[in-house]
>>> print(open('final.json').read())   # JSON, C-alpha atoms
[["chain", "number", "residue", "atom", "x", "y", "z"],
["P", 58, "MET", "CA", -3.87, 65.50, -63.54],
["P", 59, "ASN", "CA", -5.81, 63.05, -65.72],
["P", 60, "LYS", "CA", -4.88, 65.01, -68.82],
["P", 61, "TRP", "CA", -1.12, 64.73, -68.28],
["P", 62, "THR", "CA", -0.66, 61.58, -66.22],
["P", 63, "TYR", "CA", -0.49, 58.00, -67.44],
["P", 64, "GLY", "CA", 0.05, 55.04, -65.14],
["P", 65, "PHE", "CA", -0.29, 56.90, -61.84],
["P", 66, "ASP", "CA", -2.73, 54.37, -60.38],
["P", 67, "GLU", "CA", -0.39, 51.54, -61.34],
["P", 68, "LEU", "CA", 2.56, 53.35, -59.78],
["P", 69, "ARG", "CA", 0.60, 53.99, -56.60],
["P", 70, "MET", "CA", -0.23, 50.28, -56.35],
["P", 71, "ARG", "CA", 3.37, 49.22, -57.12],
["P", 72, "VAL", "CA", 4.95, 51.34, -54.40],
["P", 73, "GLN", "CA", 2.75, 49.61, -51.82],
["P", 74, "ASP", "CA", 5.04, 46.59, -52.31],
["P", 75, "TYR", "CA", 7.94, 48.64, -50.92],
["P", 76, "PRO", "CA", 7.20, 49.99, -47.44],
["P", 77, "PRO", "CA", 10.14, 51.68, -45.68],
["P", 78, "ASN", "CA", 11.08, 48.54, -43.73],
["P", 79, "LYS", "CA", 11.43, 46.49, -46.92],
["P", 80, "VAL", "CA", 13.43, 49.26, -48.61],
["P", 81, "ALA", "CA", 15.70, 49.35, -45.55],
["P", 82, "GLU", "CA", 16.38, 45.62, -45.95],
["P", 83, "ILE", "CA", 17.17, 46.01, -49.65],
["P", 84, "THR", "CA", 19.36, 49.11, -49.36],
["P", 85, "TRP", "CA", 20.87, 48.66, -45.87],
["P", 86, "ILE", "CA", 19.80, 52.23, -45.10],
["P", 87, "PRO", "CA", 18.08, 52.54, -41.71],
["P", 88, "GLU", "CA", 14.30, 52.82, -42.03],
["P", 89, "GLY", "CA", 14.25, 56.04, -40.02],
["P", 90, "LYS", "CA", 16.68, 57.69, -42.44],
["P", 91, "ILE", "CA", 14.53, 56.65, -45.42],
["P", 92, "VAL", "CA", 11.39, 58.11, -43.84],
["P", 93, "GLU", "CA", 13.22, 61.28, -42.78],
["P", 94, "ALA", "CA", 14.65, 61.86, -46.27],
["P", 95, "ALA", "CA", 11.29, 61.19, -47.94],
["P", 96, "ARG", "CA", 9.48, 63.63, -45.68],
["P", 97, "LEU", "CA", 12.17, 66.28, -46.05],
["P", 98, "TYR", "CA", 12.02, 66.20, -49.84],
["P", 99, "ALA", "CA", 8.22, 65.89, -50.03],
["P", 100, "ASN", "CA", 7.69, 68.85, -47.69],
["P", 101, "SER", "CA", 10.35, 71.16, -49.15],
["P", 102, "LYS", "CA", 8.84, 73.58, -51.63],
["P", 103, "PRO", "CA", 10.33, 74.24, -54.03],
["P", 104, "ALA", "CA", 12.98, 71.55, -54.16],
["P", 105, "SER", "CA", 15.20, 70.05, -56.82],
["P", 106, "MET", "CA", 17.35, 66.97, -57.13],
["P", 107, "GLN", "CA", 20.30, 66.60, -59.46],
["P", 108, "TRP", "CA", 22.10, 63.53, -60.69],
["P", 109, "GLY", "CA", 25.38, 63.06, -62.46],
["P", 110, "VAL", "CA", 28.01, 60.55, -63.44],
["P", 111, "ALA", "CA", 27.58, 58.41, -60.32],
["P", 112, "ILE", "CA", 24.05, 57.54, -61.44],
["P", 113, "GLU", "CA", 24.46, 57.72, -65.21],
["P", 114, "GLN", "CA", 27.39, 55.30, -65.24],
["P", 115, "SER", "CA", 25.71, 52.54, -63.23],
["P", 116, "LYS", "CA", 23.98, 49.51, -64.73],
["P", 117, "GLU", "CA", 20.75, 50.50, -62.94],
["P", 118, "CYS", "CA", 20.79, 54.06, -64.30],
["P", 119, "VAL", "CA", 17.50, 53.93, -66.22],
["P", 120, "SER", "CA", 15.48, 52.70, -63.24],
["P", 121, "THR", "CA", 17.22, 55.15, -60.92],
["P", 122, "ILE", "CA", 16.61, 58.10, -63.23],
["P", 123, "GLN", "CA", 12.96, 57.10, -63.63],
["P", 124, "ALA", "CA", 12.59, 56.97, -59.84],
["P", 125, "ILE", "CA", 14.12, 60.44, -59.48],
["P", 126, "ILE", "CA", 11.75, 61.85, -62.11],
["P", 127, "TYR", "CA", 8.79, 60.17, -60.36],
["P", 128, "LEU", "CA", 9.83, 61.92, -57.14],
["P", 129, "TRP", "CA", 9.94, 65.28, -58.91],
["P", 130, "ALA", "CA", 6.44, 64.80, -60.26],
["P", 131, "LEU", "CA", 4.83, 63.17, -57.23],
["P", 132, "THR", "CA", 6.04, 65.90, -54.87],
["P", 133, "GLY", "CA", 4.93, 68.74, -57.13],
["P", 134, "ASN", "CA", 8.49, 69.92, -57.74],
["P", 135, "LEU", "CA", 8.51, 69.43, -61.50],
["P", 136, "ASP", "CA", 8.57, 72.39, -63.86],
["P", 137, "ILE", "CA", 7.98, 75.05, -61.21],
["P", 138, "PRO", "CA", 10.10, 78.09, -60.30],
["P", 139, "GLY", "CA", 12.82, 76.94, -57.93],
["P", 140, "GLY", "CA", 11.99, 73.30, -58.55],
["P", 141, "GLN", "CA", 13.12, 70.89, -61.20],
["P", 142, "SER", "CA", 13.00, 72.42, -64.64],
["P", 143, "ILE", "CA", 13.00, 70.63, -67.94],
["P", 144, "SER", "CA", 14.93, 72.37, -70.64],
["P", 145, "GLY", "CA", 14.99, 71.63, -74.33],
["P", 146, "ARG", "CA", 18.15, 73.66, -74.86],
["P", 147, "PHE", "CA", 20.81, 72.17, -77.03],
["P", 148, "SER", "CA", 23.27, 73.41, -79.58],
["P", 149, "ILE", "CA", 23.99, 72.19, -83.05],
["P", 150, "SER", "CA", 27.43, 72.60, -84.50],
["P", 151, "THR", "CA", 27.36, 73.96, -88.03],
["P", 152, "GLY", "CA", 31.11, 74.07, -88.52]]
>>> encode(input="final.json", output="structure tokens")
Amino acid sequence: MNKWTYGFDELRMRVQDYPPNKVAEITWIPEGKIVEAARLYANSKPASMQWGVAIEQSKECVSTIQAIIYLWALTGNLDIPGGQSISGRFSISTG
């Protein structure tokens, strides 16, 4: 993990500022639902999470996308079969 991870200790400290009850106040989502969703995703192996226009077209998209990617990595669902894959596929038009 030390070879491929930068800032994990800082992230771990930062999330301590946001316990489920505080997140519930900010988001208006009941605390129990937040905990239930977090446990479901963390304990599902493999798991993946997609995003689309609803996230990409919001003014908070960068922070939201970063949070989603953190969840992939922190739960061990990044770049594994059946989990979240990262693809470098693209096409270049030559015509």
>>> atom_distance(input="final.json", atom1="CA of Gly133 (chain P)", atom2="CA of Ala104 (chain P)")
9.0 Å
>>> closest_residue(input="final.json", among="P:Glu117, P:Gly89, P:Ile83, P:Asp136", to="Ser105 (chain P)", atoms="all atoms listed in the file")
P:Asp136
>>> closest_residue(input="final.json", among="P:Asn100, P:Gln107, P:Asn78, P:Thr84", to="Gln141 (chain P)", atoms="only C-alpha atoms")
P:Gln107
>>> atom_distance(input="final.json", atom1="CA of Asn134 (chain P)", atom2="CA of Tyr98 (chain P)")
9.4 Å
>>> residues_around(input="final.json", residues="Glu88 (chain P)", least_positions_apart="6", cutoff="8 Å", atoms="all atoms listed in the file", output="list in words")
Pro77, Asn78, Val80 and Ala81 of chain P
>>> write_last_selection(input="final.json", atoms="C-alpha atoms", output="short mmCIF file (atom, residue, chain, number, x, y, z; two decimals), in the coordinates of the input")
data_model
loop_
_atom_site.label_atom_id
_atom_site.label_comp_id
_atom_site.auth_asym_id
_atom_site.auth_seq_id
_atom_site.Cartn_x
_atom_site.Cartn_y
_atom_site.Cartn_z
CA PRO P 77 10.14 51.68 -45.68
CA ASN P 78 11.08 48.54 -43.73
CA VAL P 80 13.43 49.26 -48.61
CA ALA P 81 15.70 49.35 -45.55
#
>>> atom_distance(input="final.json", atom1="CA of Pro87 (chain P)", atom2="CA of Gln114 (chain P)")
25.5 Å
>>> residues_around(input="final.json", residues="Gly109 (chain P)", least_positions_apart="6", cutoff="12 Å", atoms="all atoms listed in the file", output="MDAnalysis selection string")
chainID P and resid 115 118 121:122 125
>>> residues_around(input="final.json", residues="region 71-73 of chain P", least_positions_apart="5", cutoff="12 Å", atoms="only C-alpha atoms", output="list in words")
Gly64, Phe65, Asp66, Asn78, Lys79, Val80, Ala124, Tyr127 and Leu128 of chain P
>>> closest_residue(input="final.json", among="P:Val119, P:Pro103, P:Trp85, P:Ile112", to="Gly139 (chain P)", atoms="all atoms listed in the file")
P:Pro103
>>> closest_residue(input="final.json", among="P:Tyr63, P:Thr132, P:Ser142, P:Arg69", to="Ser101 (chain P)", atoms="all atoms listed in the file")
P:Thr132
>>> decode(input="final.json", residues="region 62-131 of chain P", atoms="C-alpha atoms", output="mmCIF file, in the first residue's frame")
data_model
loop_
_atom_site.group_PDB
_atom_site.id
_atom_site.type_symbol
_atom_site.label_atom_id
_atom_site.label_comp_id
_atom_site.auth_asym_id
_atom_site.auth_seq_id
_atom_site.Cartn_x
_atom_site.Cartn_y
_atom_site.Cartn_z
ATOM 1 C CA THR P 62 -0.853 5.340 -1.898
ATOM 2 C CA TYR P 63 -0.299 9.017 -1.201
ATOM 3 C CA GLY P 64 -2.272 10.965 1.372
ATOM 4 C CA PHE P 65 -4.076 8.021 2.960
ATOM 5 C CA ASP P 66 -3.210 9.086 6.505
ATOM 6 C CA GLU P 67 -4.466 12.594 5.779
ATOM 7 C CA LEU P 68 -7.686 11.214 4.295
ATOM 8 C CA ARG P 69 -8.201 8.952 7.298
ATOM 9 C CA MET P 70 -7.827 11.948 9.622
ATOM 10 C CA ARG P 71 -10.121 14.150 7.493
ATOM 11 C CA VAL P 72 -13.021 11.703 7.452
ATOM 12 C CA GLN P 73 -13.040 11.711 11.258
ATOM 13 C CA ASP P 74 -14.565 15.204 10.955
ATOM 14 C CA TYR P 75 -17.621 13.658 9.276
ATOM 15 C CA PRO P 76 -19.246 10.989 11.455
ATOM 16 C CA PRO P 77 -22.585 9.647 10.165
ATOM 17 C CA ASN P 78 -24.646 11.992 12.362
ATOM 18 C CA LYS P 79 -22.918 15.068 10.921
ATOM 19 C CA VAL P 80 -23.295 13.759 7.360
ATOM 20 C CA ALA P 81 -26.996 13.184 8.068
ATOM 21 C CA GLU P 82 -27.361 16.837 9.091
ATOM 22 C CA ILE P 83 -25.580 18.046 5.955
ATOM 23 C CA THR P 84 -27.368 15.767 3.472
ATOM 24 C CA TRP P 85 -30.777 15.310 5.153
ATOM 25 C CA ILE P 86 -30.348 11.563 4.688
ATOM 26 C CA PRO P 87 -31.195 9.592 7.836
ATOM 27 C CA GLU P 88 -28.089 8.431 9.698
ATOM 28 C CA GLY P 89 -29.243 4.810 9.628
ATOM 29 C CA LYS P 90 -29.507 4.878 5.829
ATOM 30 C CA ILE P 91 -25.978 6.307 5.540
ATOM 31 C CA VAL P 92 -24.544 3.585 7.774
ATOM 32 C CA GLU P 93 -26.533 0.871 5.993
ATOM 33 C CA ALA P 94 -25.374 2.003 2.543
ATOM 34 C CA ALA P 95 -21.745 2.298 3.672
ATOM 35 C CA ARG P 96 -21.743 -1.196 5.153
ATOM 36 C CA LEU P 97 -23.498 -2.692 2.136
ATOM 37 C CA TYR P 98 -20.950 -1.289 -0.307
ATOM 38 C CA ALA P 99 -17.926 -1.975 1.924
ATOM 39 C CA ASN P 100 -18.942 -5.599 2.477
ATOM 40 C CA SER P 101 -19.976 -6.409 -1.106
ATOM 41 C CA LYS P 102 -17.160 -8.084 -2.996
ATOM 42 C CA PRO P 103 -16.744 -7.393 -5.786
ATOM 43 C CA ALA P 104 -18.762 -4.223 -6.201
ATOM 44 C CA SER P 105 -18.802 -1.325 -8.610
ATOM 45 C CA MET P 106 -20.337 2.115 -8.678
ATOM 46 C CA GLN P 107 -21.110 4.092 -11.803
ATOM 47 C CA TRP P 108 -21.794 7.767 -12.295
ATOM 48 C CA GLY P 109 -23.176 9.713 -15.188
ATOM 49 C CA VAL P 110 -24.638 13.023 -16.256
ATOM 50 C CA ALA P 111 -26.370 13.676 -12.926
ATOM 51 C CA ILE P 112 -22.974 13.904 -11.232
ATOM 52 C CA GLU P 113 -20.864 15.225 -14.098
ATOM 53 C CA GLN P 114 -23.151 18.181 -14.734
ATOM 54 C CA SER P 115 -23.229 19.466 -11.148
ATOM 55 C CA LYS P 116 -21.027 22.237 -9.790
ATOM 56 C CA GLU P 117 -19.681 19.829 -7.143
ATOM 57 C CA CYS P 118 -18.731 17.166 -9.695
ATOM 58 C CA VAL P 119 -14.982 17.085 -9.018
ATOM 59 C CA SER P 120 -15.378 16.548 -5.273
ATOM 60 C CA THR P 121 -18.135 13.990 -5.823
ATOM 61 C CA ILE P 122 -16.107 12.034 -8.363
ATOM 62 C CA GLN P 123 -13.080 12.089 -6.058
ATOM 63 C CA ALA P 124 -15.234 10.724 -3.221
ATOM 64 C CA ILE P 125 -16.535 7.915 -5.436
ATOM 65 C CA ILE P 126 -12.992 6.973 -6.476
ATOM 66 C CA TYR P 127 -11.891 7.029 -2.812
ATOM 67 C CA LEU P 128 -14.703 4.587 -2.027
ATOM 68 C CA TRP P 129 -13.563 2.264 -4.809
ATOM 69 C CA ALA P 130 -10.028 2.228 -3.464
ATOM 70 C CA LEU P 131 -10.778 2.145 0.257
#
